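Engineer: One file is attached below, entry_16.cif, containing mmCIF, C-alpha atoms.
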```
data_coords
#
loop_
_atom_site.label_atom_id
_atom_site.label_comp_id
_atom_site.auth_asym_id
_atom_site.auth_seq_id
_atom_site.Cartn_x
_atom_site.Cartn_y
_atom_site.Cartn_z
CA MET A 93 -138.50 12.36 91.61
CA ASN A 94 -138.89 13.63 95.18
CA SER A 95 -136.33 16.29 95.97
CA TYR A 96 -135.53 15.58 99.63
CA VAL A 97 -133.14 13.10 101.21
CA VAL A 98 -132.44 11.83 104.73
CA GLY A 99 -128.98 11.41 106.22
CA MET A 100 -127.99 9.37 109.26
CA ASP A 101 -124.70 9.78 111.14
CA ILE A 102 -124.12 6.84 113.50
CA GLY A 103 -121.47 7.06 116.19
CA GLY A 104 -120.63 5.39 119.46
CA THR A 105 -121.93 8.29 121.54
CA LYS A 106 -124.54 10.00 119.37
CA LEU A 107 -127.00 9.42 116.55
CA ALA A 108 -127.96 12.22 114.17
CA THR A 109 -130.59 12.39 111.44
CA VAL A 110 -130.96 15.23 108.96
CA VAL A 111 -133.24 16.15 106.08
CA ALA A 112 -131.79 18.07 103.14
CA ASP A 113 -133.03 19.36 99.81
CA ALA A 114 -131.58 18.53 96.41
CA SER A 115 -128.82 21.14 96.78
CA GLY A 116 -127.58 19.65 100.06
CA LYS A 117 -129.07 22.39 102.25
CA ILE A 118 -129.94 20.87 105.61
CA LEU A 119 -133.50 21.74 106.57
CA GLN A 120 -133.79 19.99 109.91
CA LYS A 121 -131.69 17.92 112.30
CA VAL A 122 -132.25 15.69 115.34
CA ARG A 123 -129.53 14.37 117.69
CA LYS A 124 -129.85 11.78 120.44
CA PRO A 125 -127.42 9.61 122.43
CA THR A 126 -126.65 6.18 120.98
CA GLU A 127 -126.93 4.39 124.35
CA THR A 128 -124.81 1.51 123.08
CA GLU A 129 -125.33 -0.41 126.31
CA LYS A 130 -128.97 -1.01 125.24
CA GLY A 131 -127.91 -2.90 122.12
CA PRO A 132 -128.33 -2.48 118.36
CA GLN A 133 -132.08 -3.11 118.24
CA HIS A 134 -132.65 -0.17 120.56
CA ALA A 135 -130.44 2.05 118.38
CA VAL A 136 -132.19 0.98 115.17
CA GLN A 137 -135.61 1.68 116.66
CA ARG A 138 -134.39 5.05 117.85
CA LEU A 139 -133.10 5.85 114.35
CA LEU A 140 -136.47 4.97 112.80
CA GLU A 141 -138.20 7.30 115.24
CA MET A 142 -135.63 10.05 114.66
CA VAL A 143 -136.10 9.89 110.89
CA ASP A 144 -139.85 10.38 111.27
CA GLU A 145 -139.28 13.19 113.78
CA THR A 146 -136.82 14.96 111.47
CA ILE A 147 -139.15 14.65 108.47
CA ARG A 148 -142.04 16.05 110.54
CA LEU A 149 -139.97 18.97 111.87
CA ALA A 150 -139.00 19.80 108.28
CA GLY A 151 -142.69 20.06 107.39
CA LEU A 152 -142.52 17.02 105.11
CA LYS A 153 -143.98 13.53 104.84
CA ARG A 154 -142.35 10.16 104.29
CA GLU A 155 -143.40 10.17 100.64
CA ASP A 156 -141.38 13.38 100.09
CA ILE A 157 -138.13 11.50 100.77
CA SER A 158 -136.36 9.83 97.83
CA ALA A 159 -133.32 8.20 99.50
CA ILE A 160 -131.47 7.62 102.76
CA GLY A 161 -127.70 7.90 103.26
CA VAL A 162 -126.00 6.39 106.29
CA SER A 163 -122.50 7.26 107.55
CA CYS A 164 -121.23 4.74 110.09
CA GLY A 165 -117.96 3.45 111.45
CA GLY A 166 -116.79 0.22 109.84
CA PRO A 167 -116.08 -2.51 109.08
CA LEU A 168 -119.10 -2.76 106.83
CA ASP A 169 -120.15 -3.98 103.38
CA THR A 170 -121.34 -1.16 101.14
CA LYS A 171 -123.05 -3.52 98.70
CA THR A 172 -125.16 -5.45 101.19
CA GLY A 173 -125.39 -2.69 103.80
CA VAL A 174 -124.35 -5.05 106.59
CA ILE A 175 -122.36 -3.62 109.51
CA TYR A 176 -119.76 -5.87 111.11
CA SER A 177 -118.82 -5.16 114.74
CA PRO A 178 -117.47 -1.59 114.72
CA PRO A 179 -115.25 -1.05 117.79
CA ASN A 180 -117.43 1.80 119.08
CA LEU A 181 -120.73 -0.07 118.52
CA PRO A 182 -120.59 -3.24 120.64
CA GLY A 183 -123.12 -5.87 119.62
CA TRP A 184 -123.53 -4.57 116.07
CA ASP A 185 -122.43 -7.92 114.66
CA SER A 186 -123.60 -8.55 111.07
CA LEU A 187 -126.41 -6.01 111.45
CA PRO A 188 -128.33 -5.72 108.11
CA LEU A 189 -129.01 -2.00 108.47
CA LYS A 190 -129.69 -1.34 104.78
CA ALA A 191 -132.34 -4.06 104.65
CA LEU A 192 -133.96 -2.84 107.87
CA MET A 193 -134.20 0.76 106.61
CA GLU A 194 -135.49 -0.20 103.18
CA ALA A 195 -138.11 -2.51 104.70
CA GLU A 196 -139.37 0.36 106.85
CA PHE A 197 -139.21 3.31 104.45
CA HIS A 198 -139.37 1.57 101.02
CA ILE A 199 -136.73 3.86 99.49
CA PRO A 200 -133.09 3.20 98.51
CA THR A 201 -130.59 3.30 101.39
CA THR A 202 -126.83 3.72 100.94
CA ILE A 203 -124.45 2.80 103.76
CA GLU A 204 -120.83 3.93 103.83
CA ASN A 205 -117.83 3.99 106.13
CA ASP A 206 -117.82 7.34 107.92
CA ALA A 207 -114.36 8.45 106.77
CA ASN A 208 -115.22 7.63 103.13
CA ALA A 209 -118.50 9.49 103.42
CA GLU A 210 -116.74 12.50 104.94
CA ALA A 211 -114.23 12.44 102.08
CA LEU A 212 -117.11 12.55 99.62
CA ALA A 213 -118.70 15.44 101.53
CA GLU A 214 -115.45 17.43 101.43
CA TRP A 215 -115.19 16.72 97.69
CA ARG A 216 -118.77 17.80 97.02
CA PHE A 217 -119.28 20.63 99.51
CA GLY A 218 -115.92 21.54 101.05
CA GLY A 219 -112.22 21.85 100.34
CA GLY A 220 -112.18 19.20 97.62
CA ARG A 221 -114.50 21.05 95.24
CA GLY A 222 -113.00 21.35 91.78
CA HIS A 223 -110.53 18.49 92.29
CA ASN A 224 -110.74 15.01 90.76
CA TYR A 225 -108.25 13.27 93.08
CA VAL A 226 -108.72 13.97 96.78
CA LEU A 227 -107.25 12.35 99.88
CA TYR A 228 -109.15 13.16 103.07
CA MET A 229 -107.67 12.37 106.49
CA THR A 230 -109.22 12.59 109.93
CA MET A 231 -106.87 13.47 112.77
CA SER A 232 -108.61 13.09 116.11
CA THR A 233 -109.11 10.04 118.36
CA GLY A 234 -107.82 8.02 115.42
CA ILE A 235 -106.45 8.72 111.97
CA GLY A 236 -108.78 7.58 109.22
CA GLY A 237 -109.08 8.44 105.59
CA GLY A 238 -111.05 8.41 102.41
CA ILE A 239 -109.89 8.44 98.80
CA ILE A 240 -111.84 10.15 96.01
CA ALA A 241 -110.85 9.36 92.43
CA ASN A 242 -112.78 11.03 89.59
CA GLY A 243 -115.62 11.85 91.96
CA GLN A 244 -115.96 8.30 93.25
CA ILE A 245 -115.01 6.74 96.58
CA TYR A 246 -112.22 4.20 96.14
CA HIS A 247 -113.27 1.17 98.20
CA GLY A 248 -110.70 -1.47 97.32
CA ALA A 249 -111.44 -5.19 96.97
CA ASN A 250 -113.60 -5.53 100.10
CA ASP A 251 -114.33 -2.00 101.36
CA SER A 252 -111.05 -1.78 103.29
CA ALA A 253 -109.29 0.98 101.33
CA GLY A 254 -108.44 4.27 103.01
CA GLU A 255 -106.98 2.96 106.29
CA VAL A 256 -104.27 5.58 106.06
CA GLY A 257 -103.67 5.64 109.82
CA HIS A 258 -102.48 2.04 109.86
CA GLN A 259 -99.43 2.35 107.67
CA ILE A 260 -96.51 1.27 109.86
CA LEU A 261 -93.77 3.86 110.24
CA LEU A 262 -91.94 2.44 113.28
CA PRO A 263 -92.07 -1.40 113.42
CA ASN A 264 -91.04 -1.36 117.08
CA GLY A 265 -93.06 1.73 117.92
CA PRO A 266 -96.00 2.20 120.28
CA LEU A 267 -98.91 -0.24 120.22
CA CYS A 268 -101.84 0.83 118.06
CA ARG A 269 -105.51 0.02 118.64
CA CYS A 270 -105.36 -2.24 115.57
CA GLY A 271 -102.90 -4.51 117.39
CA LYS A 272 -99.83 -3.55 115.34
CA HIS A 273 -96.91 -1.41 116.46
CA GLY A 274 -95.78 1.97 115.14
CA CYS A 275 -98.80 2.91 113.01
CA LEU A 276 -99.26 6.54 112.02
CA GLU A 277 -102.34 6.57 114.28
CA ALA A 278 -100.26 5.40 117.25
CA LEU A 279 -97.92 8.34 116.69
CA CYS A 280 -100.11 11.27 115.61
CA SER A 281 -103.69 10.83 116.80
CA GLY A 282 -104.94 13.06 119.62
CA PRO A 283 -104.33 10.42 122.31
CA ALA A 284 -100.88 9.68 120.81
CA ILE A 285 -99.88 13.34 120.96
CA ALA A 286 -101.04 13.47 124.57
CA ARG A 287 -99.13 10.29 125.44
CA ARG A 288 -95.89 11.55 123.90
CA ALA A 289 -96.25 14.86 125.77
CA GLN A 290 -96.83 13.05 129.08
CA GLU A 291 -93.80 10.83 128.46
CA ALA A 292 -91.63 13.85 127.63
CA ILE A 293 -92.65 15.63 130.85
CA ARG A 294 -91.89 12.55 132.96
CA LYS A 295 -88.41 12.27 131.45
CA GLN A 296 -87.47 15.72 132.72
CA PRO A 297 -85.93 15.78 136.24
CA LYS A 298 -87.51 19.17 136.91
CA PRO A 299 -90.16 19.73 134.25
CA ASN A 300 -90.71 23.35 133.36
CA THR A 301 -93.54 23.50 130.87
CA ALA A 302 -96.78 25.38 130.40
CA LEU A 303 -98.49 22.01 129.96
CA LEU A 304 -98.39 21.52 133.72
CA GLU A 305 -99.86 24.96 134.30
CA LEU A 306 -102.69 24.15 131.88
CA THR A 307 -103.54 20.95 133.77
CA ASN A 308 -102.95 22.14 137.34
CA GLY A 309 -99.82 20.02 137.59
CA ASN A 310 -101.57 16.75 136.64
CA ILE A 311 -99.46 15.09 133.95
CA ASP A 312 -102.14 12.46 133.28
CA CYS A 313 -104.57 15.21 132.24
CA VAL A 314 -102.42 16.55 129.41
CA LYS A 315 -104.31 16.34 126.11
CA SER A 316 -103.52 17.27 122.52
CA GLU A 317 -105.43 20.54 122.85
CA HIS A 318 -103.17 21.52 125.77
CA VAL A 319 -100.13 20.82 123.59
CA LEU A 320 -101.51 23.09 120.88
CA GLU A 321 -102.27 25.88 123.34
CA ALA A 322 -98.80 25.62 124.83
CA VAL A 323 -97.25 25.78 121.35
CA ARG A 324 -99.06 29.06 120.74
CA ASN A 325 -97.57 30.33 124.01
CA GLY A 326 -94.05 29.42 122.90
CA ASP A 327 -93.53 26.46 125.24
CA SER A 328 -90.41 24.60 124.10
CA LEU A 329 -91.50 21.11 125.14
CA ALA A 330 -94.86 21.48 123.41
CA ILE A 331 -93.15 22.83 120.29
CA SER A 332 -90.90 19.76 120.17
CA ILE A 333 -93.97 17.48 120.44
CA MET A 334 -95.70 19.34 117.61
CA GLN A 335 -92.56 19.20 115.46
CA GLU A 336 -92.36 15.46 115.99
CA THR A 337 -96.06 15.13 115.13
CA ALA A 338 -95.55 17.11 111.92
CA TYR A 339 -92.57 14.90 111.04
CA TYR A 340 -94.53 11.65 111.35
CA MET A 341 -97.62 13.08 109.65
CA GLY A 342 -95.48 14.45 106.83
CA TRP A 343 -93.75 11.08 106.45
CA GLY A 344 -97.08 9.26 106.29
CA ILE A 345 -98.59 11.75 103.85
CA ALA A 346 -95.49 11.62 101.64
CA ASN A 347 -95.97 7.85 101.35
CA LEU A 348 -99.61 8.38 100.34
CA VAL A 349 -98.72 11.14 97.89
CA ASN A 350 -96.27 8.79 96.17
CA ILE A 351 -98.83 5.98 95.98
CA LEU A 352 -102.05 7.88 95.23
CA ASN A 353 -100.85 11.06 93.47
CA PRO A 354 -103.70 13.25 94.80
CA GLU A 355 -104.28 16.85 93.79
CA ILE A 356 -105.15 17.82 97.35
CA VAL A 357 -104.84 16.34 100.84
CA LEU A 358 -107.43 17.62 103.31
CA ILE A 359 -106.78 17.04 107.01
CA GLY A 360 -109.49 17.48 109.62
CA THR A 361 -109.92 18.10 113.35
CA ILE A 362 -106.51 18.69 114.99
CA ALA A 363 -105.09 20.11 111.75
CA ILE A 364 -108.00 22.55 111.51
CA ALA A 365 -107.36 23.76 115.07
CA ALA A 366 -103.59 23.97 114.58
CA GLY A 367 -103.67 25.51 111.09
CA ASP A 368 -100.28 26.46 109.66
CA LEU A 369 -98.52 25.71 112.95
CA LEU A 370 -98.87 22.06 111.96
CA LEU A 371 -99.55 22.26 108.23
CA ASP A 372 -96.51 24.32 107.21
CA PRO A 373 -93.97 21.81 108.59
CA ILE A 374 -96.02 18.94 107.14
CA ARG A 375 -95.90 20.62 103.72
CA GLN A 376 -92.14 21.00 103.96
CA ILE A 377 -91.62 17.39 105.00
CA VAL A 378 -93.83 16.14 102.14
CA ALA A 379 -91.88 18.32 99.71
CA ASP A 380 -88.64 16.79 101.02
CA MET A 381 -89.77 13.16 101.25
CA ALA A 382 -92.22 12.62 98.38
CA MET A 383 -91.14 12.02 94.81
CA GLN A 384 -90.82 15.20 92.79
CA ARG A 385 -93.68 14.83 90.29
CA PRO A 386 -96.48 13.94 92.75
CA ALA A 387 -95.10 16.48 95.25
CA GLU A 388 -95.28 19.25 92.64
CA VAL A 389 -99.04 19.00 92.15
CA VAL A 390 -100.34 18.23 95.64
CA LYS A 391 -101.77 20.84 98.00
CA ILE A 392 -102.07 20.10 101.73
CA MET A 393 -104.90 22.02 103.34
CA PRO A 394 -107.22 21.91 106.36
CA ALA A 395 -110.61 20.34 105.73
CA GLN A 396 -113.35 22.96 105.43
CA LEU A 397 -116.59 21.46 106.71
CA GLY A 398 -115.71 21.30 110.41
CA GLU A 399 -118.45 19.97 112.67
CA ALA A 400 -120.93 19.88 109.77
CA VAL A 401 -118.98 17.11 108.03
CA GLY A 402 -120.90 14.27 109.72
CA ASP A 403 -124.27 15.60 108.60
CA LEU A 404 -123.13 16.41 105.09
CA ALA A 405 -121.32 13.06 104.80
CA ALA A 406 -124.57 11.13 104.97
CA ILE A 407 -126.26 13.56 102.57
CA ALA A 408 -123.38 13.44 100.07
CA LEU A 409 -123.93 9.71 99.63
CA VAL A 410 -127.37 10.10 98.09
CA ILE A 411 -127.76 13.63 96.79
CA ASP A 412 -128.25 13.99 93.06
CA ASP A 413 -125.56 15.71 91.00
#
```
Mind converting the file's structure to C-alpha cells?
Structural biologist:
Amino acid sequence: MNSYVVGMDIGGTKLATVVADASGKILQKVRKPTETEKGPQHAVQRLLEMVDETIRLAGLKREDISAIGVSCGGPLDTKTGVIYSPPNLPGWDSLPLKALMEAEFHIPTTIENDANAEALAEWRFGGGRGHNYVLYMTMSTGIGGGIIANGQIYHGANDSAGEVGHQILLPNGPLCRCGKHGCLEALCSGPAIARRAQEAIRKQPKPNTALLELTNGNIDCVKSEHVLEAVRNGDSLAISIMQETAYYMGWGIANLVNILNPEIVLIGTIAIAAGDLLLDPIRQIVADMAMQRPAEVVKIMPAQLGEAVGDLAAIALVIDD
C-alpha cells in the first residue's frame, strides 16, 4: 500500500491541501482563497489543481497517494460524500464532492464535518491521545463540537451529532444564527462575547473601561480578543464579561458531561488564548453543576493542535493506525 495521503481543508475564505506520510507528518502544504463568489465548480477545479501542486512540491506522483481526506463545514453526508449548502459556502447545494474526487484521482476519498474531523485529529495527534471518550469543542465565530467514542466519531442518525453550541440555555435569550434563541453559541462565541461587552459599555452612564482605550473609544469595534486583553489588565467590566462567559460555558459543558460522560473535554481557539483565566472557572462550574460520577472523571483542557488542527483534521480521517 502507498504510504502517503492527501488532506483537504475547505472553508469559506480559504482552501488548503496537504500531503502527509503514514505517521501524519505533513510534507507539503498549499493554501489559496476559496473565492466563493465564483461558485462551487471554480472551487472544485482549484482543489484538483492544488492537490496536484501539493503532490509535486512534496516530490511525489499521483500514484504515491493512497487516500484523500476532506474536512468541510456541514451539513453533509459522510456516506455519500455529498455536501448540502454550508452557510459559508453559498451555492454548494448537493455537491457530490466525494464522487468528483474519486473520479479524478481513482483513490478512496473520505469527507467529514470539520468539527468532527478536528475532534479526531485532537484524539489522534493532540490533547485526546490516550483517551477513549473525548469531547472536542470549538470556541470562535461559532461553537461546534465533535464526539469521539472508542476512537470513532459519533455521527448520530444522519450526521447531525455534535452540535454542542445549539443546546438552548436561555429560551428567551439572544437570537442565534441557527434561528433559535439562547443557544450556547449565542452566548459564548467570539461575536457573542463582543456583543455582550458592547451592551455592557452602553449601559454605563459614564463608561470607564480599558475596552474603550483598546478600540480608540469605538464601542462597535470591541471584540472578544479585546475583552481577554482587558481581563489580563484587571479591567472590572471585562472581568465580569469573562465570568459570565465561563458561567454559560460551564453550564453547557456540565450538560454534556452528564449526557456523554467523557474522559476529557478539549476546548479550542478562545479557550487556548485565555487559558486558565477561562478554564479554571469553567472547571469549577462543571464540578458544581454536573452529576458527581461523570464530574469526577472528566478533565477540561485547552485543545493542543492550534492552527495545525485544520490540516491534521483532514489527514486524521484517512491515515492508517
Engineer: What separation in Å, quoted to one decimal, exists between CA of Gly165 (chain A) and CA of Asp403 (chain A)?
Structural biologist: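 For CA of Gly165 (chain A) relative to CA of Asp403 (chain A), the distance reads 14.0 Å.
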Engineer: Ile175 (chain A): which residues within 8 Å, counting all atoms listed in the file, same-chain residues fewer than 3 positions away excluded, as a list of chain:residue names?
Structural biologist: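 Within the cut-off, the hits are A:Gly166, A:Pro167, A:Leu168, A:Asp169, A:Pro178, A:Trp184, A:Asp185, A:Ser186, A:Leu187, A:Pro188, A:Leu189.
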Engineer: Those same residues - C-alpha atoms - I'd like them written as a PDB file, in the coordinates of the input.
Structural biologist:
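Result file is out11.pdb:
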```
ATOM      1  CA  GLY A 166    -116.790   0.220 109.840  1.00  0.00           C
ATOM      2  CA  PRO A 167    -116.080  -2.510 109.080  1.00  0.00           C
ATOM      3  CA  LEU A 168    -119.100  -2.760 106.830  1.00  0.00           C
ATOM      4  CA  ASP A 169    -120.150  -3.980 103.380  1.00  0.00           C
ATOM      5  CA  PRO A 178    -117.470  -1.590 114.720  1.00  0.00           C
ATOM      6  CA  TRP A 184    -123.530  -4.570 116.070  1.00  0.00           C
ATOM      7  CA  ASP A 185    -122.430  -7.920 114.660  1.00  0.00           C
ATOM      8  CA  SER A 186    -123.600  -8.550 111.070  1.00  0.00           C
ATOM      9  CA  LEU A 187    -126.410  -6.010 111.450  1.00  0.00           C
ATOM     10  CA  PRO A 188    -128.330  -5.720 108.110  1.00  0.00           C
ATOM     11  CA  LEU A 189    -129.010  -2.000 108.470  1.00  0.00           C
TER      12      LEU A 189
END
```
Engineer: Please write as number ranges by chain the full residue list that the PyMOL selection byres ((chain A and resi 306) around 12) yields on this file.
Structural biologist: A: 301-305, 307-323, 325, 327, 330
Engineer: What does the distance from CA of Cys275 (chain A) to CA of Met341 (chain A) come to in Å, to one decimal?
Structural biologist: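 It comes out at 10.8 Å.
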Engineer: Do you have the CA of Glu388 (chain A)-CA of Val357 (chain A) distance handy?
Structural biologist: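 Interatomic distance here is 12.9 Å.
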Engineer: Using the chain letters and numbering of this document, enumerate as an MDAnalysis selection string the residues selected by the PyMOL selection byres ((chain A and resi 212) around 7).
Structural biologist: chainID A and resid 208:211 213:216 240 245 405 408
